[in-house]
file run_2.cif (mmCIF, C-alpha atoms and all ligand atoms)
data_work
loop_
_atom_site.label_atom_id
_atom_site.label_comp_id
_atom_site.auth_asym_id
_atom_site.auth_seq_id
_atom_site.Cartn_x
_atom_site.Cartn_y
_atom_site.Cartn_z
CA MET R 1277 -9.34 16.59 -6.39
CA ARG R 1278 -10.24 17.82 -2.92
CA ILE R 1279 -8.36 16.56 0.14
CA ASP R 1280 -9.28 17.30 3.76
CA VAL R 1281 -7.02 16.39 6.66
CA VAL R 1282 -8.21 16.56 10.27
CA THR R 1283 -5.34 16.56 12.76
CA ILE R 1284 -4.19 17.92 16.11
CA PHE R 1285 -0.96 19.04 14.42
CA PRO R 1286 -1.96 21.15 11.38
CA GLU R 1287 1.63 22.47 11.15
CA TYR R 1288 2.84 18.91 10.53
CA LEU R 1289 1.10 19.09 7.14
CA GLU R 1290 3.03 22.17 6.01
CA PRO R 1291 5.15 20.16 3.54
CA LEU R 1292 1.95 19.96 1.49
CA ASN R 1293 2.71 23.58 0.54
CA VAL R 1294 5.98 22.76 -1.21
CA SER R 1295 7.29 20.88 -4.22
CA LEU R 1296 4.99 18.80 -6.39
CA VAL R 1297 1.94 18.91 -4.11
CA GLY R 1298 2.41 22.63 -3.39
CA LYS R 1299 2.62 23.37 -7.12
CA ALA R 1300 -0.45 21.23 -7.83
CA ARG R 1301 -2.32 23.29 -5.24
CA GLU R 1302 -1.11 26.57 -6.73
CA ARG R 1303 -2.24 25.42 -10.15
CA GLY R 1304 -5.69 24.50 -8.84
CA LEU R 1305 -5.27 20.79 -9.55
CA LEU R 1306 -5.53 19.95 -5.87
CA ASP R 1307 -7.62 21.61 -3.16
CA VAL R 1308 -6.07 20.69 0.23
CA ARG R 1309 -7.80 21.79 3.45
CA VAL R 1310 -6.14 21.08 6.80
CA HIS R 1311 -8.34 21.32 9.92
CA ASP R 1312 -7.39 21.48 13.58
CA LEU R 1313 -9.35 18.81 15.44
CA ARG R 1314 -9.19 20.91 18.62
CA GLU R 1315 -11.57 23.42 17.02
CA TRP R 1316 -14.28 20.87 17.71
CA THR R 1317 -13.55 20.53 21.43
CA HIS R 1318 -15.57 22.44 24.04
CA ASP R 1319 -13.53 22.31 27.24
CA ARG R 1320 -10.88 24.71 28.54
CA HIS R 1321 -8.04 22.33 27.70
CA ASN R 1322 -9.29 21.36 24.22
CA THR R 1323 -9.16 17.72 25.24
CA VAL R 1324 -9.07 15.16 22.42
CA ASP R 1325 -8.05 12.02 24.36
CA ASP R 1326 -9.07 9.95 27.35
CA THR R 1327 -8.07 6.74 29.13
CA PRO R 1328 -8.89 3.46 27.41
CA TYR R 1329 -11.83 1.35 28.53
CA GLY R 1330 -10.50 -1.93 29.85
CA GLY R 1331 -7.38 -0.26 31.16
CA GLY R 1332 -3.88 -0.43 29.78
CA PRO R 1333 -1.25 2.12 28.85
CA GLY R 1334 -1.74 5.06 26.52
CA MET R 1335 -4.71 7.24 25.67
CA VAL R 1336 -7.45 6.94 23.06
CA MET R 1337 -8.83 9.76 20.91
CA LYS R 1338 -12.34 10.69 21.99
CA PRO R 1339 -15.20 10.14 19.54
CA GLU R 1340 -17.02 13.48 20.07
CA PRO R 1341 -14.47 15.89 18.49
CA TRP R 1342 -13.88 13.50 15.60
CA GLY R 1343 -17.64 13.16 15.03
CA GLU R 1344 -18.20 16.92 15.03
CA ALA R 1345 -15.15 17.57 12.84
CA LEU R 1346 -16.07 14.94 10.27
CA ASP R 1347 -19.71 16.06 10.17
CA ALA R 1348 -18.56 19.62 9.50
CA VAL R 1349 -16.14 18.54 6.78
CA LEU R 1350 -18.78 16.33 5.12
CA GLU R 1351 -21.34 19.15 5.19
CA SER R 1352 -18.86 21.51 3.54
CA GLY R 1353 -18.69 19.53 0.31
CA GLU R 1354 -20.86 17.79 -2.21
CA GLY R 1355 -21.12 14.04 -2.53
CA SER R 1356 -19.37 11.63 -0.23
CA PRO R 1357 -15.61 11.37 0.13
CA VAL R 1358 -13.48 8.32 0.68
CA LEU R 1359 -12.44 8.39 4.35
CA VAL R 1360 -8.81 7.29 4.64
CA VAL R 1361 -7.89 6.23 8.19
CA PRO R 1362 -4.14 5.74 8.67
CA THR R 1363 -3.45 2.91 11.09
CA PRO R 1364 -0.75 0.25 11.39
CA SER R 1365 -3.57 -2.29 11.59
CA GLY R 1366 -4.98 -1.30 8.18
CA ARG R 1367 -4.51 -2.80 4.74
CA PRO R 1368 -1.14 -2.02 3.14
CA PHE R 1369 -0.91 1.19 1.14
CA THR R 1370 0.19 0.13 -2.33
CA GLN R 1371 0.65 1.78 -5.71
CA GLU R 1372 -2.55 0.03 -6.78
CA LEU R 1373 -4.45 1.77 -3.97
CA ALA R 1374 -2.76 5.09 -4.81
CA VAL R 1375 -4.00 4.71 -8.40
CA GLU R 1376 -7.52 3.89 -7.19
CA LEU R 1377 -7.61 6.85 -4.80
CA SER R 1378 -6.28 9.18 -7.51
CA GLY R 1379 -9.50 8.52 -9.41
CA LYS R 1380 -11.70 9.76 -6.55
CA PRO R 1381 -12.88 13.37 -6.42
CA TRP R 1382 -12.62 13.78 -2.64
CA LEU R 1383 -10.49 12.19 0.09
CA VAL R 1384 -10.68 12.87 3.83
CA PHE R 1385 -7.75 11.75 6.01
CA THR R 1386 -7.95 11.22 9.79
CA PRO R 1387 -4.39 10.98 11.13
CA ALA R 1388 -4.54 9.95 14.80
CA ARG R 1389 -2.19 10.17 17.78
CA TYR R 1390 -1.96 8.21 21.04
CA GLU R 1391 -3.40 4.67 20.65
CA GLY R 1392 -5.70 5.73 17.82
CA ILE R 1393 -9.34 6.81 17.49
CA ASP R 1394 -12.29 5.34 19.42
CA ARG R 1395 -13.51 2.49 17.21
CA ARG R 1396 -17.08 3.78 17.11
CA VAL R 1397 -15.99 6.67 14.88
CA ILE R 1398 -14.81 4.26 12.19
CA GLU R 1399 -18.03 2.23 12.53
CA GLU R 1400 -20.23 5.34 12.43
CA TYR R 1401 -18.75 6.66 9.17
CA GLY R 1402 -18.29 3.17 7.77
CA ASP R 1403 -22.07 2.94 7.66
CA ARG R 1404 -22.34 5.83 5.22
CA LEU R 1405 -18.93 6.31 3.58
CA ASP R 1406 -16.30 4.31 1.78
CA VAL R 1407 -13.85 3.97 4.69
CA ARG R 1408 -10.31 2.63 4.11
CA GLU R 1409 -8.09 1.77 7.04
CA VAL R 1410 -4.61 1.93 5.57
CA SER R 1411 -1.11 1.18 6.84
CA ILE R 1412 2.02 2.59 5.21
CA GLY R 1413 4.21 -0.23 6.51
CA ASP R 1414 4.89 -2.77 9.20
CA TYR R 1415 6.13 -0.36 11.84
CA VAL R 1416 4.47 1.99 14.29
CA LEU R 1417 4.85 5.76 14.08
CA ALA R 1418 3.81 8.23 16.76
CA GLY R 1419 1.07 9.69 14.60
CA GLY R 1420 -0.75 9.51 11.27
CA GLU R 1421 0.47 12.82 9.84
CA ALA R 1422 3.61 11.37 8.21
CA PRO R 1423 1.50 8.57 6.63
CA VAL R 1424 -0.85 11.25 5.28
CA LEU R 1425 2.09 13.11 3.71
CA VAL R 1426 3.19 9.82 2.13
CA MET R 1427 -0.24 8.94 0.79
CA VAL R 1428 -1.12 12.43 -0.47
CA GLU R 1429 2.16 12.67 -2.39
CA ALA R 1430 1.72 9.21 -3.91
CA VAL R 1431 -1.83 10.06 -4.99
CA ALA R 1432 -1.16 13.64 -6.11
CA ARG R 1433 1.63 12.74 -8.53
CA LEU R 1434 -0.84 10.51 -10.37
CA LEU R 1435 -3.38 13.29 -10.96
CA PRO R 1436 -3.63 14.46 -14.56
CA GLY R 1437 -1.39 17.46 -15.17
CA VAL R 1438 0.62 17.18 -11.94
CA LEU R 1439 3.74 15.58 -13.42
CA GLY R 1440 5.39 17.39 -16.31
CA ASN R 1441 5.41 14.21 -18.39
CA ALA R 1442 2.13 12.34 -18.09
CA GLU R 1443 3.90 9.13 -19.09
CA SER R 1444 6.53 9.29 -16.39
CA HIS R 1445 4.74 7.18 -13.79
CA ARG R 1446 3.93 4.44 -16.30
CA ASP R 1447 7.41 2.89 -15.88
CA ASP R 1448 7.63 3.38 -12.11
CA SER R 1449 8.17 0.47 -9.77
CA PHE R 1450 4.77 -1.14 -9.04
CA ALA R 1451 2.95 0.82 -11.78
CA PRO R 1452 -0.16 -1.14 -12.75
CA GLY R 1453 0.43 -2.98 -16.02
CA ALA R 1454 3.81 -4.26 -17.13
CA MET R 1455 5.55 -3.00 -13.95
CA ALA R 1456 2.93 -4.19 -11.43
CA ASP R 1457 5.26 -6.69 -9.76
CA LEU R 1458 8.58 -5.15 -10.71
CA LEU R 1459 11.01 -2.61 -9.34
CA GLU R 1460 12.46 -0.04 -11.70
CA GLY R 1461 16.10 -0.64 -12.60
CA PRO R 1462 19.00 1.82 -12.28
CA VAL R 1463 18.96 5.21 -14.02
CA PHE R 1464 21.81 7.36 -15.38
CA THR R 1465 22.33 10.90 -16.67
CA LYS R 1466 25.18 13.02 -18.04
CA PRO R 1467 28.20 13.04 -17.97
CA PRO R 1468 28.87 9.76 -19.80
CA VAL R 1469 31.89 9.11 -17.55
CA TRP R 1470 32.02 10.12 -13.89
CA ARG R 1471 34.98 9.16 -11.66
CA ASP R 1472 36.00 6.55 -14.24
CA ARG R 1473 32.54 5.04 -14.15
CA GLY R 1474 30.80 4.79 -17.49
CA VAL R 1475 27.17 4.44 -18.45
CA PRO R 1476 25.89 1.11 -19.90
CA GLU R 1477 26.67 1.27 -23.65
CA VAL R 1478 23.13 0.37 -24.66
CA LEU R 1479 21.78 3.58 -23.12
CA LEU R 1480 23.99 5.59 -25.49
CA SER R 1481 23.00 3.54 -28.54
CA GLY R 1482 19.83 5.44 -29.40
CA HIS R 1483 18.20 2.07 -30.12
CA HIS R 1484 14.81 2.34 -28.40
CA GLY R 1485 14.01 -1.37 -28.59
CA LYS R 1486 17.31 -2.40 -27.06
CA VAL R 1487 17.05 0.27 -24.36
CA ALA R 1488 13.55 -0.90 -23.44
CA ARG R 1489 14.73 -4.53 -23.24
CA TRP R 1490 17.75 -3.57 -21.12
CA ARG R 1491 15.55 -1.61 -18.74
CA ARG R 1492 13.16 -4.50 -18.36
CA ASP R 1493 15.99 -6.98 -17.77
CA GLU R 1494 17.46 -4.68 -15.13
CA ALA R 1495 14.04 -4.42 -13.51
CA PHE R 1496 13.95 -8.21 -13.24
CA ARG R 1497 17.50 -8.28 -11.90
CA ARG R 1498 16.79 -5.72 -9.20
CA THR R 1499 13.45 -7.26 -8.25
CA ALA R 1500 14.96 -10.74 -7.96
CA GLN R 1501 17.66 -9.33 -5.72
CA ASN R 1502 15.65 -6.99 -3.49
CA ARG R 1503 12.09 -8.28 -3.62
CA PRO R 1504 11.99 -11.96 -4.61
CA ASP R 1505 8.47 -12.09 -3.12
CA LEU R 1506 7.31 -9.98 -6.08
CA ILE R 1507 8.73 -12.48 -8.59
CA GLU R 1508 7.03 -15.32 -6.71
CA ARG R 1509 3.64 -13.67 -6.91
CA CYS R 1510 3.88 -12.35 -10.48
CA ASP R 1511 1.47 -13.70 -13.04
CA PRO R 1512 3.51 -15.60 -15.69
CA ALA R 1513 0.83 -14.77 -18.27
CA THR R 1514 1.95 -11.13 -18.14
CA LEU R 1515 5.52 -12.06 -19.19
CA ASP R 1516 6.82 -12.52 -22.69
CA LYS R 1517 9.45 -15.00 -23.91
CA LYS R 1518 12.34 -12.62 -23.26
CA ASP R 1519 11.09 -11.87 -19.74
CA ARG R 1520 11.02 -15.59 -19.01
CA SER R 1521 14.50 -16.18 -20.36
CA MET R 1522 15.82 -13.30 -18.25
CA LEU R 1523 14.19 -14.86 -15.19
CA ALA R 1524 15.68 -18.25 -16.14
CA ALA R 1525 19.10 -16.60 -16.41
CA LEU R 1526 18.58 -15.22 -12.90
CA GLY R 1527 17.77 -18.72 -11.64
CA TRP R 1528 13.96 -18.61 -11.61
CA VAL R 1529 11.82 -21.38 -13.10
CA LEU R 1530 8.12 -21.91 -13.52
CA GLY R 1531 6.86 -24.47 -10.99
CA GLU R 1532 3.99 -26.95 -11.27
CA ASP R 1533 1.80 -24.48 -9.38
CA GLY R 1534 2.18 -22.06 -12.30
CA ARG R 1535 4.31 -19.63 -10.26
CA PHE R 1536 7.98 -18.75 -10.44
CA GLY R 1537 10.37 -20.15 -7.86
CA ARG R 1538 14.12 -20.29 -7.50
CA ALA R 1539 15.66 -23.07 -9.59
CA VAL R 1540 18.14 -24.10 -6.94
CA GLU R 1541 17.93 -23.10 -3.30
CA SER R 1542 21.37 -21.97 -2.18
CA VAL R 1543 22.06 -23.71 1.10
CA GLU R 1544 24.69 -22.08 3.26
CA GLU R 1545 26.49 -24.62 5.44
C1 LIG R 1601 1.17 5.16 18.11
S1 LIG R 1601 0.14 4.86 16.73
C2 LIG R 1601 -1.04 3.72 17.41
C3 LIG R 1601 -0.59 2.33 17.25
C4 LIG R 1601 -1.60 1.31 17.74
N1 LIG R 1601 -1.50 1.19 19.16
C5 LIG R 1601 -1.29 -0.04 17.11
O1 LIG R 1601 -0.46 -0.76 17.63
O2 LIG R 1601 -1.85 -0.35 16.06
C6 LIG R 1601 -0.78 6.35 16.58
C7 LIG R 1601 -1.29 6.66 15.19
O3 LIG R 1601 -0.20 6.80 14.30
C8 LIG R 1601 -0.63 6.45 13.00
N2 LIG R 1601 0.26 5.38 12.50
C9 LIG R 1601 1.30 4.84 13.15
N3 LIG R 1601 1.93 3.92 12.41
C10 LIG R 1601 1.27 3.89 11.22
C11 LIG R 1601 1.44 3.11 10.05
N4 LIG R 1601 2.40 2.20 9.91
N5 LIG R 1601 0.60 3.34 9.01
C12 LIG R 1601 -0.38 4.25 9.12
N6 LIG R 1601 -0.60 4.99 10.23
C13 LIG R 1601 0.22 4.82 11.27
C14 LIG R 1601 -2.09 6.03 13.10
O4 LIG R 1601 -2.89 7.18 12.82
C15 LIG R 1601 -2.18 5.62 14.56
O5 LIG R 1601 -3.50 5.68 15.04
#
call {"tool": "encode", "arguments": {"input": "run_2.cif", "output": "structure tokens", "more": "lines below"}}
Ligand SMILES: C[S@@+](CC[C@H](N)C(=O)[O-])C[C@H]1O[C@@H](n2cnc3c(N)ncnc32)[C@H](O)[C@@H]1O
result
Amino acid sequence: MRIDVVTIFPEYLEPLNVSLVGKARERGLLDVRVHDLREWTHDRHNTVDDTPYGGGPGMVMKPEPWGEALDAVLESGEGSPVLVVPTPSGRPFTQELAVELSGKPWLVFTPARYEGIDRRVIEEYGDRLDVREVSIGDYVLAGGEAPVLVMVEAVARLLPGVLGNAESHRDDSFAPGAMADLLEGPVFTKPPVWRDRGVPEVLLSGHHGKVARWRRDEAFRRTAQNRPDLIERCDPATLDKKDRSMLAALGWVLGEDGRFGRAVESVEE
């Protein structure tokens, strides 16, 4: 996969040289190219921003450098990339989207600063590319570089050959399939006793079926506790009998609308 990032802070993307993404680059599984947007400015101050039309606080990123930069990046490769525009006003970045993007040969990211990029840039490239405006959460950061680090890592770990064990993301929280609406439960390693705290017996049993059931039950327990919204939206058709009885034990019942809801609302006086 090829990834281009256009930014006014190329050094912010240096973490892409280390750990999993860095190794994937070294091994030729990922071709990451970071570009300095200011290279496509033509004034003495390398200006990339200007005051907003209509007034108001803050500055807006000018369309000309972005247009020249993106044209140059597009001309440097074959085919058309997916243009990923980080913005708090975009669609949520989810594991499902990470999986989809991991199947694309080429991604171009446009992390912005100030109040964002002049809208015409998004419209211009939206006419000829698959453009995704994506938010990494309901909060506002100072710039899009941290969101790019987040998204690139989430996508890169899904690329074939990047993780040592190809199966290891199958059981992750949110993994499409059996885990789509579930959080992964707790994990343990050696020693079997640490500060008087043991490991759940079942994990030492060597019984794969029982271990798998325990893990799934714990996933339900943690999801019900931390993200009840996921239980509410999960498709009951994807659950087996044991899943349903675990949910019942946790106080969730199937409603007339075909969705799970809490059996009894706890009302605090
Ligand atoms: C200060 S923010 C602009 C916020 C904008 N005024 C708004 O309220 O939507 C500057 C840039 O940071 C990035 N950014 C900030 N928060 C983000 C988020 N939650 N997800 C993705 N990108 C974000 C985007 O590139 C955005 O254009």
call {"tool": "residues_near_ligand", "arguments": {"input": "run_2.cif", "ligand": "ligand LIG 1601 (chain R)", "cutoff": "7 Å", "atoms": "all atoms listed in the file", "output": "list in words"}}
result
Val1361, Pro1362, Thr1363, Pro1364, Ser1365, Pro1387, Ala1388, Arg1389, Tyr1390, Glu1391, Gly1392, Ile1393, Val1410, Ser1411, Ile1412, Gly1413, Asp1414, Tyr1415, Val1416, Leu1417, Ala1418, Gly1419, Gly1420 and Pro1423 of chain R
call {"tool": "atom_distance", "arguments": {"input": "run_2.cif", "atom1": "atom CA of R:Ala1430", "atom2": "atom CA of R:Arg1404"}}
result
26.0 Å
call {"tool": "residues_around", "arguments": {"input": "run_2.cif", "residues": "R:Leu1434", "least_positions_apart": "6", "cutoff": "12 Å", "atoms": "all atoms listed in the file", "output": "PyMOL selection string"}}
result
chain R and resi 1277+1296-1297+1300+1305-1306+1371-1380+1427-1428+1440-1446+1448+1451-1452
call {"tool": "atom_distance", "arguments": {"input": "run_2.cif", "atom1": "atom CA of R:Asp1472", "atom2": "atom CA of R:Leu1459"}}
result
27.1 Å
call {"tool": "closest_residue", "arguments": {"input": "run_2.cif", "among": "R:Asp1280, R:Glu1409, R:Glu1399, R:Asp1493", "to": "R:Ser1352", "atoms": "all atoms listed in the file"}}
result
R:Asp1280
call {"tool": "residues_around", "arguments": {"input": "run_2.cif", "residues": "R:Gly1353", "least_positions_apart": "4", "cutoff": "10 Å", "atoms": "all atoms listed in the file", "output": "list in words"}}
result
Arg1278, Ala1348, Val1349, Pro1357 and Trp1382 of chain R
call {"tool": "write_last_selection", "arguments": {"input": "run_2.cif", "atoms": "C-alpha atoms", "output": "PDB file, in the coordinates of the input"}}
result
ATOM      1  CA  ARG R1278     -10.240  17.820  -2.920  1.00  0.00           C
ATOM      2  CA  ALA R1348     -18.560  19.620   9.500  1.00  0.00           C
ATOM      3  CA  VAL R1349     -16.140  18.540   6.780  1.00  0.00           C
ATOM      4  CA  PRO R1357     -15.610  11.370   0.130  1.00  0.00           C
ATOM      5  CA  TRP R1382     -12.620  13.780  -2.640  1.00  0.00           C
TER       6      TRP R1382
END
call {"tool": "closest_residue", "arguments": {"input": "run_2.cif", "among": "R:Arg1408, R:Arg1520, R:Arg1497, R:Arg1473", "to": "R:Glu1460", "atoms": "only C-alpha atoms"}}
result
R:Arg1497
call {"tool": "atom_distance", "arguments": {"input": "run_2.cif", "atom1": "atom CA of R:Gly1334", "atom2": "atom CA of R:Val1358"}}
result
28.6 Å
call {"tool": "residues_near_point", "arguments": {"input": "run_2.cif", "point": "(7.7, -17.4, -7.4)", "cutoff": "12 Å", "atoms": "only C-alpha atoms", "output": "VMD selection string"}}
result
chain R and resid 1457 1499 to 1500 1503 to 1512 1523 to 1524 1527 to 1539
call {"tool": "residues_around", "arguments": {"input": "run_2.cif", "residues": "R:Val1281", "least_positions_apart": "2", "cutoff": "12 Å", "atoms": "all atoms listed in the file", "output": "ChimeraX atom specification"}}
result
/R:1278-1279,1283-1290,1292,1307-1313,1342,1345-1346,1349-1350,1357-1362,1382-1388,1420-1425,1427-1428
call {"tool": "closest_residue", "arguments": {"input": "run_2.cif", "among": "R:His1321, R:Arg1314, R:Lys1518, R:Arg1433", "to": "R:Phe1496", "atoms": "all atoms listed in the file"}}
result
R:Lys1518
call {"tool": "residues_around", "arguments": {"input": "run_2.cif", "residues": "R:Val1397", "least_positions_apart": "6", "cutoff": "9 Å", "atoms": "only C-alpha atoms", "output": "list in words"}}
result
Lys1338, Pro1339, Glu1340, Trp1342 and Gly1343 of chain R
call {"tool": "decode", "arguments": {"input": "run_2.cif", "residues": "stretch 1368-1414 of chain R", "atoms": "C-alpha atoms", "output": "PDB file, in the first residue's frame"}}
result
ATOM      1  CA  PRO R1368     -16.567   8.586  12.494  1.00  0.00           C
ATOM      2  CA  PHE R1369     -13.412   6.569  11.908  1.00  0.00           C
ATOM      3  CA  THR R1370     -14.325   3.000  12.796  1.00  0.00           C
ATOM      4  CA  GLN R1371     -12.699  -0.407  12.575  1.00  0.00           C
ATOM      5  CA  GLU R1372     -15.028  -1.110   9.653  1.00  0.00           C
ATOM      6  CA  LEU R1373     -13.603   1.882   7.786  1.00  0.00           C
ATOM      7  CA  ALA R1374     -10.050   0.857   8.724  1.00  0.00           C
ATOM      8  CA  VAL R1375     -10.731  -2.572   7.193  1.00  0.00           C
ATOM      9  CA  GLU R1376     -12.163  -0.978   4.046  1.00  0.00           C
ATOM     10  CA  LEU R1377      -9.214   1.404   3.665  1.00  0.00           C
ATOM     11  CA  SER R1378      -6.736  -1.439   4.240  1.00  0.00           C
ATOM     12  CA  GLY R1379      -8.019  -2.966   1.009  1.00  0.00           C
ATOM     13  CA  LYS R1380      -7.147   0.119  -1.061  1.00  0.00           C
ATOM     14  CA  PRO R1381      -3.814   0.370  -2.868  1.00  0.00           C
ATOM     15  CA  TRP R1382      -3.280   4.095  -2.273  1.00  0.00           C
ATOM     16  CA  LEU R1383      -4.391   6.579   0.397  1.00  0.00           C
ATOM     17  CA  VAL R1384      -3.676  10.314   0.491  1.00  0.00           C
ATOM     18  CA  PHE R1385      -4.184  12.155   3.799  1.00  0.00           C
ATOM     19  CA  THR R1386      -4.664  15.932   4.112  1.00  0.00           C
ATOM     20  CA  PRO R1387      -4.215  16.877   7.780  1.00  0.00           C
ATOM     21  CA  ALA R1388      -5.172  20.535   8.224  1.00  0.00           C
ATOM     22  CA  ARG R1389      -4.454  23.234  10.803  1.00  0.00           C
ATOM     23  CA  TYR R1390      -6.270  26.457  11.749  1.00  0.00           C
ATOM     24  CA  GLU R1391     -10.023  26.234  10.947  1.00  0.00           C
ATOM     25  CA  GLY R1392      -9.464  23.679   8.197  1.00  0.00           C
ATOM     26  CA  ILE R1393      -9.078  23.746   4.405  1.00  0.00           C
ATOM     27  CA  ASP R1394     -11.021  26.001   2.012  1.00  0.00           C
ATOM     28  CA  ARG R1395     -14.101  23.944   1.111  1.00  0.00           C
ATOM     29  CA  ARG R1396     -13.485  24.234  -2.628  1.00  0.00           C
ATOM     30  CA  VAL R1397     -10.497  21.894  -2.346  1.00  0.00           C
ATOM     31  CA  ILE R1398     -12.710  19.089  -1.036  1.00  0.00           C
ATOM     32  CA  GLU R1399     -15.292  19.788  -3.772  1.00  0.00           C
ATOM     33  CA  GLU R1400     -12.636  19.927  -6.504  1.00  0.00           C
ATOM     34  CA  TYR R1401     -11.142  16.527  -5.661  1.00  0.00           C
ATOM     35  CA  GLY R1402     -14.519  15.090  -4.710  1.00  0.00           C
ATOM     36  CA  ASP R1403     -15.445  15.404  -8.379  1.00  0.00           C
ATOM     37  CA  ARG R1404     -12.708  12.995  -9.444  1.00  0.00           C
ATOM     38  CA  LEU R1405     -11.639  10.989  -6.382  1.00  0.00           C
ATOM     39  CA  ASP R1406     -13.161   8.907  -3.632  1.00  0.00           C
ATOM     40  CA  VAL R1407     -12.987  11.529  -0.858  1.00  0.00           C
ATOM     41  CA  ARG R1408     -13.662  10.563   2.776  1.00  0.00           C
ATOM     42  CA  GLU R1409     -14.032  13.231   5.426  1.00  0.00           C
ATOM     43  CA  VAL R1410     -13.264  11.386   8.639  1.00  0.00           C
ATOM     44  CA  SER R1411     -13.330  12.257  12.332  1.00  0.00           C
ATOM     45  CA  ILE R1412     -11.410  10.287  14.949  1.00  0.00           C
ATOM     46  CA  GLY R1413     -13.743  11.343  17.756  1.00  0.00           C
ATOM     47  CA  ASP R1414     -16.059  13.945  19.183  1.00  0.00           C
TER      48      ASP R1414
END
